[in-house]
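Below is coords-v1.txt, holding compact mmCIF, C-alpha atoms.
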```txt
# COMPACT_ATOMS: atom_id res chain seq x y z
CA MET C 11 113.71 62.65 101.59
CA PRO C 12 111.78 65.64 103.01
CA ILE C 13 112.15 66.23 106.73
CA SER C 14 109.62 69.10 107.03
CA VAL C 15 105.87 68.54 107.44
CA ILE C 16 105.20 71.07 104.69
CA GLU C 17 107.07 68.86 102.20
CA SER C 18 106.34 65.44 103.68
CA ALA C 19 104.47 63.04 101.42
CA VAL C 20 102.31 62.15 104.43
CA PHE C 21 101.70 65.52 106.10
CA LYS C 22 102.13 68.18 103.41
CA ASP C 23 98.43 68.60 102.59
CA MET C 24 97.54 68.89 106.27
CA PHE C 25 99.97 71.74 106.86
CA GLY C 26 99.93 73.39 103.43
CA THR C 27 98.36 73.34 99.99
CA ALA C 28 99.61 72.19 96.63
CA ALA C 29 98.78 75.57 95.09
CA MET C 30 100.92 77.49 97.59
CA ARG C 31 103.80 75.04 97.44
CA ALA C 32 103.79 75.48 93.65
CA VAL C 33 104.40 79.22 94.15
CA PHE C 34 107.58 78.66 96.14
CA ASP C 35 109.06 75.35 95.03
CA ASP C 36 112.42 75.14 93.24
CA ALA C 37 110.92 75.11 89.78
CA ALA C 38 108.81 78.19 90.47
CA THR C 39 111.72 80.02 92.06
CA LEU C 40 113.98 79.38 89.08
CA ARG C 41 111.23 80.45 86.68
CA ARG C 42 110.95 83.74 88.55
CA TYR C 43 114.73 84.26 88.42
CA VAL C 44 114.70 83.68 84.65
CA GLU C 45 111.59 85.83 84.21
CA THR C 46 113.38 88.71 85.91
CA GLU C 47 116.57 88.29 83.87
CA VAL C 48 114.60 88.14 80.61
CA ALA C 49 112.49 91.18 81.53
CA LEU C 50 115.67 93.10 82.30
CA ALA C 51 117.12 92.29 78.88
CA ARG C 52 113.91 93.34 77.13
CA VAL C 53 113.69 96.75 78.82
CA GLN C 54 117.38 97.42 78.34
CA ALA C 55 117.02 96.71 74.63
CA ARG C 56 114.10 99.15 74.43
CA LEU C 57 116.26 101.77 76.10
CA GLY C 58 119.15 101.10 73.72
CA ILE C 59 121.47 99.76 76.40
CA ILE C 60 121.89 96.31 74.85
CA PRO C 61 121.23 95.19 71.25
CA GLN C 62 117.66 94.26 70.42
CA ALA C 63 118.95 91.03 68.85
CA ALA C 64 120.47 90.07 72.18
CA ALA C 65 117.19 90.67 74.01
CA ASP C 66 115.31 88.67 71.37
CA ALA C 67 117.70 85.76 71.72
CA ILE C 68 117.56 85.86 75.50
CA THR C 69 113.76 85.96 75.42
CA ALA C 70 113.61 83.03 73.02
CA ARG C 71 116.29 80.81 74.52
CA ALA C 72 116.44 81.40 78.28
CA ASP C 73 114.46 78.48 79.71
CA ALA C 74 114.31 77.55 83.38
CA ALA C 75 113.17 74.05 82.47
CA ARG C 76 116.52 73.39 80.74
CA LEU C 77 118.67 74.23 83.74
CA ASP C 78 120.91 71.45 85.01
CA MET C 79 119.88 71.24 88.65
CA GLU C 80 122.86 69.19 89.76
CA VAL C 81 125.29 71.70 88.31
CA LEU C 82 123.28 74.59 89.72
CA LYS C 83 123.27 72.99 93.15
CA HIS C 84 127.01 72.31 93.10
CA GLU C 85 127.96 75.78 91.94
CA THR C 86 125.52 77.46 94.35
CA GLU C 87 127.18 75.66 97.24
CA ILE C 88 130.52 77.08 96.10
CA VAL C 89 129.36 80.63 95.36
CA GLY C 90 126.84 80.84 98.21
CA TYR C 91 124.08 82.21 95.97
CA PRO C 92 122.29 80.76 92.93
CA ILE C 93 122.31 83.71 90.52
CA LEU C 94 125.89 83.56 89.20
CA PRO C 95 125.55 79.81 88.46
CA LEU C 96 122.15 80.50 86.92
CA VAL C 97 123.53 83.21 84.64
CA HIS C 98 126.37 80.90 83.56
CA GLN C 99 123.86 78.32 82.34
CA LEU C 100 121.51 80.85 80.77
CA ALA C 101 124.38 82.50 78.92
CA ARG C 102 125.34 79.17 77.38
CA MET C 103 121.72 78.59 76.35
CA CYS C 104 121.56 81.99 74.69
CA GLY C 105 124.83 81.73 72.78
CA PRO C 106 126.91 84.87 72.09
CA GLU C 107 123.91 87.05 72.95
CA GLY C 108 124.06 85.64 76.46
CA GLU C 109 126.91 88.04 77.15
CA TYR C 110 124.24 90.73 77.63
CA LEU C 111 122.44 88.88 80.43
CA HIS C 112 122.35 90.40 83.93
CA TRP C 113 123.57 93.75 82.59
CA GLY C 114 124.10 96.13 85.51
CA ALA C 115 122.28 93.84 87.97
CA THR C 116 123.43 92.20 91.18
CA THR C 117 122.42 88.88 92.70
CA GLN C 118 120.10 90.41 95.26
CA ASP C 119 118.24 92.37 92.58
CA ILE C 120 117.22 89.16 90.87
CA MET C 121 116.48 87.17 94.01
CA ASP C 122 114.51 89.91 95.72
CA THR C 123 112.45 90.68 92.63
CA ALA C 124 111.74 86.99 92.12
CA THR C 125 110.63 86.77 95.77
CA VAL C 126 108.30 89.74 95.32
CA LEU C 127 106.79 88.11 92.22
CA GLN C 128 106.17 84.99 94.30
CA VAL C 129 104.70 87.05 97.13
CA ARG C 130 102.31 88.69 94.67
CA GLU C 131 101.08 85.32 93.47
CA ALA C 132 100.89 83.97 97.01
CA LEU C 133 98.91 86.97 98.25
CA ASP C 134 96.38 86.37 95.48
CA LEU C 135 95.83 82.87 96.88
CA ILE C 136 95.53 84.20 100.43
CA ASP C 137 93.10 86.87 99.23
CA ALA C 138 90.87 84.27 97.59
CA ASP C 139 90.89 82.11 100.73
CA LEU C 140 90.02 85.07 102.95
CA ALA C 141 87.17 86.03 100.62
CA GLU C 142 85.74 82.52 100.82
CA LEU C 143 86.11 82.45 104.60
CA ASP C 144 84.43 85.85 104.76
CA GLY C 145 81.40 84.43 102.98
CA ILE C 146 81.25 81.41 105.27
CA LEU C 147 81.37 83.50 108.44
CA ASP C 148 78.91 86.03 107.06
CA ALA C 149 76.42 83.21 106.46
CA LEU C 150 77.03 81.75 109.94
CA SER C 151 76.48 85.10 111.63
CA LEU C 152 73.20 85.59 109.76
CA ARG C 153 71.91 82.08 110.33
CA TYR C 154 72.56 82.21 114.07
CA ARG C 155 71.93 85.93 114.56
CA ASP C 156 69.30 85.33 117.24
CA THR C 157 70.48 81.97 118.63
CA PRO C 158 71.17 82.52 122.34
CA MET C 159 74.11 80.89 124.05
CA ALA C 160 76.26 81.47 127.10
CA GLY C 161 78.88 84.14 126.71
CA ARG C 162 81.96 83.24 128.71
CA THR C 163 84.69 85.35 130.28
CA HIS C 164 87.61 83.74 132.13
CA LEU C 165 85.99 80.43 131.01
CA GLN C 166 82.98 81.17 133.25
CA HIS C 167 79.39 82.04 132.33
CA ALA C 168 79.25 85.82 131.94
CA LEU C 169 76.21 87.08 130.02
CA PRO C 170 74.09 85.66 127.21
CA VAL C 171 75.26 86.30 123.65
CA THR C 172 74.21 84.75 120.36
CA PHE C 173 76.20 82.33 118.27
CA GLY C 174 75.73 84.74 115.37
CA TYR C 175 77.44 87.40 117.48
CA LYS C 176 80.36 85.05 118.11
CA ALA C 177 80.65 84.34 114.37
CA ALA C 178 80.47 88.08 113.67
CA VAL C 179 83.46 88.66 115.97
CA TRP C 180 85.38 86.10 113.91
CA LEU C 181 84.15 87.81 110.74
CA LEU C 182 85.41 91.17 111.97
CA MET C 183 88.97 89.82 112.11
CA ILE C 184 88.77 88.33 108.63
CA ARG C 185 87.34 91.53 107.14
CA ARG C 186 90.11 93.56 108.71
CA HIS C 187 92.70 91.14 107.34
CA ARG C 188 91.25 91.63 103.88
CA GLU C 189 91.58 95.39 104.36
CA ARG C 190 95.15 94.95 105.60
CA LEU C 191 95.99 92.87 102.55
CA ALA C 192 94.78 95.58 100.19
CA GLN C 193 96.82 98.16 102.08
CA LEU C 194 99.88 95.89 102.18
CA ARG C 195 100.21 95.32 98.45
CA PRO C 196 101.72 98.72 97.48
CA ARG C 197 104.34 98.40 100.22
CA ALA C 198 105.21 94.76 99.67
CA LEU C 199 105.01 94.44 95.89
CA VAL C 200 108.02 96.61 95.16
CA GLY C 201 110.65 95.20 92.84
CA GLN C 202 114.38 95.42 93.42
CA PHE C 203 117.00 96.79 91.04
CA GLY C 204 119.96 98.74 92.35
CA GLY C 205 123.17 97.12 91.23
CA ALA C 206 126.18 96.31 93.35
CA ALA C 207 125.74 98.85 96.17
CA GLY C 208 122.30 100.08 95.22
CA THR C 209 123.42 103.17 93.28
CA LEU C 210 122.99 101.78 89.73
CA ALA C 211 126.43 103.20 88.96
CA SER C 212 127.18 100.64 86.23
CA LEU C 213 124.32 101.96 84.10
CA GLY C 214 125.35 105.59 84.31
CA GLU C 215 122.54 108.06 83.74
CA GLN C 216 120.13 105.38 82.58
CA GLY C 217 119.99 103.45 85.83
CA ILE C 218 116.74 104.86 87.15
CA ALA C 219 115.11 104.58 83.72
CA VAL C 220 116.01 100.88 83.64
CA GLN C 221 114.70 100.35 87.14
CA GLU C 222 111.36 102.00 86.41
CA ALA C 223 110.98 100.22 83.07
CA LEU C 224 111.79 96.85 84.64
CA MET C 225 109.17 97.28 87.33
CA GLN C 226 106.61 98.34 84.77
CA GLU C 227 107.48 95.29 82.67
CA LEU C 228 106.94 93.00 85.68
CA GLY C 229 103.87 94.81 87.00
CA LEU C 230 105.57 95.80 90.25
CA HIS C 231 105.93 99.08 92.10
CA SER C 232 109.20 101.03 92.06
CA ALA C 233 110.97 102.36 95.13
CA PRO C 234 112.52 105.84 95.16
CA VAL C 235 115.72 104.36 96.57
CA THR C 236 117.18 100.85 96.56
CA TRP C 237 115.85 98.72 99.42
CA HIS C 238 118.57 96.04 99.59
CA VAL C 239 118.81 96.49 103.35
CA ALA C 240 115.38 98.03 104.02
CA ARG C 241 113.41 94.84 104.55
CA ASP C 242 110.28 96.23 106.18
CA GLY C 243 108.03 95.44 103.21
CA LEU C 244 108.75 91.73 103.32
CA ALA C 245 108.80 91.74 107.12
CA GLU C 246 105.35 93.34 107.13
CA THR C 247 104.13 90.63 104.80
CA VAL C 248 105.14 87.92 107.25
CA GLN C 249 103.62 89.91 110.15
CA PHE C 250 100.39 90.01 108.15
CA LEU C 251 100.46 86.22 107.82
CA GLY C 252 101.09 86.04 111.56
CA LEU C 253 97.97 88.13 112.17
CA VAL C 254 95.88 85.95 109.86
CA THR C 255 96.99 82.71 111.49
CA GLY C 256 96.65 84.28 114.93
CA SER C 257 92.98 84.95 114.20
CA LEU C 258 92.54 81.44 112.86
CA GLY C 259 94.14 80.14 116.05
CA LYS C 260 91.61 82.08 118.14
CA ILE C 261 88.71 80.67 116.13
CA ALA C 262 90.19 77.19 116.45
CA LEU C 263 90.52 77.51 120.22
CA ASP C 264 86.88 78.56 120.53
CA ILE C 265 85.66 75.62 118.48
CA MET C 266 87.93 73.14 120.29
CA LEU C 267 86.46 74.23 123.61
CA MET C 268 82.93 74.10 122.22
CA MET C 269 83.61 70.53 121.03
CA THR C 270 84.41 69.32 124.54
CA ASN C 271 81.90 66.80 125.88
CA GLU C 272 81.03 69.16 128.71
CA LEU C 273 79.97 71.92 126.27
CA ALA C 274 79.13 70.02 123.06
CA GLU C 275 77.83 73.15 121.32
CA ALA C 276 79.62 73.01 117.96
CA PHE C 277 81.60 70.39 116.07
CA GLU C 278 83.88 70.07 113.09
CA PRO C 279 82.18 68.43 110.09
CA PHE C 280 81.71 64.71 110.50
CA VAL C 281 83.85 62.62 108.19
CA LYS C 282 84.08 58.93 108.96
CA SER C 283 87.24 58.21 110.97
CA ARG C 284 88.32 61.87 111.02
CA GLY C 285 89.65 62.64 114.47
CA ALA C 286 89.39 59.01 115.50
CA SER C 287 91.57 57.49 118.20
CA SER C 288 93.56 54.30 117.75
CA THR C 289 92.35 53.06 121.15
CA MET C 290 89.19 55.00 122.07
CA PRO C 291 86.39 54.39 119.55
CA GLN C 292 84.22 57.18 120.93
CA LYS C 293 86.70 59.97 120.15
CA ARG C 294 86.03 62.79 117.70
CA ASN C 295 89.09 64.99 117.95
CA PRO C 296 89.17 68.58 116.58
CA ILE C 297 91.75 67.89 113.87
CA SER C 298 91.29 71.01 111.74
CA CYS C 299 91.33 73.20 114.83
CA GLU C 300 94.52 71.56 116.05
CA LEU C 301 96.21 72.22 112.71
CA MET C 302 95.02 75.84 112.70
CA LEU C 303 96.30 76.39 116.22
CA SER C 304 99.63 74.81 115.32
CA ALA C 305 99.91 77.07 112.27
CA SER C 306 99.40 80.17 114.39
CA LYS C 307 102.37 79.21 116.54
CA VAL C 308 104.64 78.30 113.62
CA VAL C 309 103.96 81.52 111.71
CA ARG C 310 104.36 83.56 114.89
CA GLN C 311 107.90 82.24 115.13
CA HIS C 312 108.58 83.10 111.49
CA ALA C 313 107.21 86.60 112.11
CA GLY C 314 109.89 87.01 114.76
CA LEU C 315 112.52 85.77 112.32
CA ALA C 316 111.36 88.27 109.70
CA LEU C 317 111.75 91.08 112.21
CA ASP C 318 115.22 89.82 113.05
CA ALA C 319 116.09 89.82 109.34
CA MET C 320 115.41 93.57 109.20
CA VAL C 321 118.54 94.35 111.19
CA GLN C 322 121.11 94.45 108.39
CA ASP C 323 124.53 96.01 108.16
CA PHE C 324 125.42 98.89 105.84
CA GLU C 325 124.49 98.55 102.13
CA ARG C 326 124.43 94.75 101.92
CA ALA C 327 123.89 92.34 104.78
CA THR C 328 126.27 89.65 105.94
CA GLY C 329 123.63 87.04 106.71
CA PRO C 330 120.20 88.24 107.91
CA TRP C 331 118.88 88.13 104.33
CA HIS C 332 119.16 84.35 104.36
CA ILE C 333 116.57 84.14 107.15
CA GLU C 334 113.90 85.29 104.71
CA TRP C 335 114.61 82.37 102.42
CA SER C 336 112.95 80.11 105.00
CA ALA C 337 110.59 82.49 106.79
CA ILE C 338 108.72 83.81 103.75
CA PRO C 339 107.86 80.61 101.83
CA GLU C 340 107.22 78.54 104.94
CA SER C 341 104.92 81.21 106.40
CA PHE C 342 102.87 81.35 103.21
CA VAL C 343 102.59 77.57 102.93
CA VAL C 344 101.55 77.11 106.56
CA THR C 345 99.08 80.01 106.35
CA ALA C 346 97.51 78.53 103.23
CA GLY C 347 97.19 75.21 105.03
CA ALA C 348 95.50 76.86 108.00
CA LEU C 349 93.07 78.75 105.75
CA ARG C 350 92.21 75.51 103.98
CA GLN C 351 91.44 73.85 107.31
CA ALA C 352 89.36 76.86 108.39
CA ARG C 353 87.31 76.83 105.21
CA PHE C 354 86.60 73.14 105.59
CA MET C 355 85.85 73.30 109.30
CA LEU C 356 83.68 76.42 109.35
CA GLY C 357 82.02 75.62 106.04
CA GLY C 358 80.63 72.39 107.48
CA LEU C 359 80.39 73.39 111.14
CA GLU C 360 77.76 71.44 113.06
CA VAL C 361 75.97 73.67 115.57
CA ASP C 362 73.80 72.24 118.37
CA THR C 363 71.44 75.09 119.25
CA GLN C 364 69.52 72.97 121.76
CA ARG C 365 72.70 72.21 123.68
CA MET C 366 73.55 75.90 123.62
CA ARG C 367 70.20 76.62 125.25
CA ARG C 368 70.67 73.89 127.86
CA ASN C 369 74.10 75.25 128.71
CA LEU C 370 72.64 78.73 128.91
CA ASP C 371 70.17 77.48 131.53
CA LEU C 372 72.84 75.51 133.38
CA THR C 373 73.14 77.99 136.25
CA GLY C 374 69.41 78.42 136.74
CA GLY C 375 69.34 82.05 135.71
CA LEU C 376 72.53 83.21 137.41
CA ILE C 377 73.92 84.22 134.03
CA VAL C 378 71.40 87.09 133.92
CA SER C 379 71.97 88.36 137.45
CA GLU C 380 73.11 91.63 135.88
CA ALA C 381 69.68 91.96 134.22
CA VAL C 382 67.96 91.56 137.58
CA MET C 383 70.33 94.05 139.19
CA MET C 384 69.62 96.63 136.47
CA GLY C 385 65.89 95.92 136.78
CA LEU C 386 66.01 96.65 140.52
CA ALA C 387 68.43 99.56 140.32
CA PRO C 388 65.79 102.24 139.61
CA TYR C 389 64.02 101.23 142.84
CA LEU C 390 66.90 100.39 145.18
CA GLY C 391 69.91 102.13 143.66
CA ARG C 392 72.54 100.29 141.72
CA GLN C 393 74.84 99.29 144.58
CA THR C 394 72.03 98.14 146.85
CA ALA C 395 70.49 96.21 143.96
CA HIS C 396 73.88 94.60 143.33
CA ASP C 397 74.11 93.47 146.96
CA VAL C 398 70.57 92.11 147.00
CA VAL C 399 71.11 90.10 143.82
CA TYR C 400 74.56 88.97 144.98
CA ASP C 401 73.02 87.51 148.16
CA ALA C 402 70.28 85.85 146.11
CA CYS C 403 72.89 84.26 143.83
CA ARG C 404 74.72 82.81 146.82
CA VAL C 405 71.47 81.31 148.13
CA ALA C 406 70.59 79.88 144.70
CA LEU C 407 74.00 78.25 144.48
CA ALA C 408 73.82 76.86 148.00
CA GLU C 409 70.31 75.48 147.58
CA GLN C 410 70.82 74.39 143.95
CA CYS C 411 67.67 76.18 142.86
CA ARG C 412 66.73 78.76 140.27
CA LEU C 413 67.55 82.41 140.84
CA ALA C 414 63.97 83.42 140.03
CA ASP C 415 62.66 81.24 142.88
CA VAL C 416 65.01 82.85 145.39
CA LEU C 417 64.14 86.34 144.19
CA ALA C 418 60.43 85.58 144.40
CA ARG C 419 60.72 85.12 148.17
CA GLU C 420 62.88 88.20 148.79
CA ALA C 421 60.77 91.08 150.09
CA ARG C 422 63.12 93.78 148.80
CA VAL C 423 62.52 92.35 145.31
CA THR C 424 58.81 91.51 145.39
CA GLU C 425 58.06 94.97 146.74
CA HIS C 426 58.89 96.26 143.26
CA LEU C 427 58.67 93.28 140.88
CA ASP C 428 55.92 90.70 140.50
CA ARG C 429 56.66 87.09 139.56
CA ALA C 430 56.10 87.69 135.85
CA ALA C 431 58.61 90.53 135.87
CA ILE C 432 61.11 88.41 137.79
CA ASP C 433 60.73 85.56 135.28
CA ARG C 434 61.21 87.95 132.36
CA LEU C 435 64.40 89.33 133.88
CA CYS C 436 65.68 85.80 134.56
CA ASP C 437 65.15 84.57 131.00
CA PRO C 438 68.54 84.70 129.22
CA ALA C 439 66.87 85.10 125.84
CA ASN C 440 65.60 88.48 127.00
CA TYR C 441 69.05 89.81 127.79
CA LEU C 442 70.96 89.65 124.52
CA GLY C 443 71.69 93.35 124.46
CA ALA C 444 72.69 94.65 121.04
CA ALA C 445 74.21 91.32 119.96
CA PRO C 446 71.76 90.75 117.05
CA GLN C 447 72.08 94.37 115.91
CA MET C 448 75.86 94.09 116.05
CA VAL C 449 75.63 91.12 113.69
CA ASP C 450 73.71 93.30 111.24
CA ARG C 451 76.28 96.08 111.54
CA MET C 452 79.17 93.66 111.10
CA ARG C 453 77.65 92.17 107.97
CA ARG C 454 77.52 95.66 106.46
CA PHE C 455 81.04 96.60 107.62
CA GLY C 456 83.56 96.26 104.85
CA ALA C 457 81.31 93.92 102.88
CA ALA C 458 82.59 93.25 99.37
```
Could you express the structure from this file as structure tokens?
Amino acid sequence: MPISVIESAVFKDMFGTAAMRAVFDDAATLRRYVETEVALARVQARLGIIPQAAADAITARADAARLDMEVLKHETEIVGYPILPLVHQLARMCGPEGEYLHWGATTQDIMDTATVLQVREALDLIDADLAELDGILDALSLRYRDTPMAGRTHLQHALPVTFGYKAAVWLLMIRRHRERLAQLRPRALVGQFGGAAGTLASLGEQGIAVQEALMQELGLHSAPVTWHVARDGLAETVQFLGLVTGSLGKIALDIMLMMTNELAEAFEPFVKSRGASSTMPQKRNPISCELMLSASKVVRQHAGLALDAMVQDFERATGPWHIEWSAIPESFVVTAGALRQARFMLGGLEVDTQRMRRNLDLTGGLIVSEAVMMGLAPYLGRQTAHDVVYDACRVALAEQCRLADVLAREARVTEHLDRAAIDRLCDPANYLGAAPQMVDRMRRFGAA
């Protein structure tokens, strides 16, 4: 029985997706191994290295679906790797022509190339999810472009912003991840074929020709030198997933805080019983956000493992390679799960603009004390204006009254500002800065 949440019959669709699991499950992995072996035979036949009849037979008869999994498992446990047991079974399937399988290859060539083929497919899924999330956040930033709310620093009221501005900040991260993904592909989607120690010695002068033809056959990039122990491309891929889930974790944390009863500004979509408590009927817990935050922490740990796996000895590692076998598929599955939760949560986000306004007014105008200071600065000087407004804020807090009322009875203020001017400066909606314009700029930045 599965012991991991990404495979659990109960939890797997909370922490992952069926589509991403299908990229990395046993059946898919074996198909990619066989695909690589068959492609190798085809290109070697074209180059005259093995008979064309052998390549035809291998292409026709090598079938991952016919592999005996129990035998493969048993022999893999003995050998330590699955490729030799795999080739044994494929050779029997292919008959005498099976003798030409795996010609000049080594185990890591097949496994690494299969992994890269899986990564390519997985990145396509991530790309599609990011594109959908981009559209959701773009729409949110436009819809709430001018909706004022309290901006918070150190969890305290700072200055007014707009909810569209907040969504645009989220959008900025997603757009940059989409750019990163496009830049990542040429470095990550590089196939592997180097033979025993990476020199292609067993193929003589045709080694590089086979390597280039194999990568062309599989639609992958070629490396100028074998990368058996140069794992930066795959490590970068996992770091990329760590960045994506880190951004999703930040978005999740914002929404979780906004869902608190004290703020009550935005909520995950309502689905009957979603986020319910077994004992407290009133609860509406931020389930998607919790899963997104959890994913960011899990993938962060895998990102560290992928970096650790880069430190490999000489021309073939004694163990770090095995770390990738867990870190890569698990990172992709968990990232896909987090993106699914983000699309659901943000796509149906409930936004309470009236509560945002009430929270904005919570401090009676203190949130725009900077606006008053800047309004007085031309008359009093910036530092003096700061001190005058600072004293007024302390009085407003002590007397539990509005800042405008305190300012209206301060001679150093009324000497330069009438009540209408004071009220204008103390209205948070008048101090949004360039937030709406930044939304417009963000929506144009990197737009597909």
- [ ] Measuring atom to atom with only C-alpha atoms, identify which of C:Pro196, C:Glu47, C:Arg186, C:Asp66 is nearest to Ala233 of chain C.
- [x]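 Closest residue, counting only C-alpha atoms: C:Pro196.
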Task: Selection near segment 168-179 of chain C, 8 Å with all atoms listed in the file, sequence-local residues under 2 positions removed, as a ChimeraX atom specification - done: /C:147-148,150-163,166,181-183,370,377-378,438-439,441-443,445-446,448-449,452-453
- [ ] Would you please work out which residue, of C:Ala444, C:Val129, C:Met269, C:Val44, is nearest to Leu359 of chain C when using all atoms listed in the file?
- [x]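 Using all atoms listed in the file, Leu359 of chain C sits closest to C:Met269.
One distance worth recording is that between atom CA of Ala51 of chain C and atom CA of His231 of chain C, which is 18.6 Å.
Atom CA of Ala418 of chain C to atom CA of Tyr389 of chain C spans 16.1 Å [interatomic distance, one decimal].
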Task: Point-to-point distance in Å for atom CA of Glu278 of chain C and atom CA of Ala352 of chain C - done: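 It comes out at 9.9 Å.
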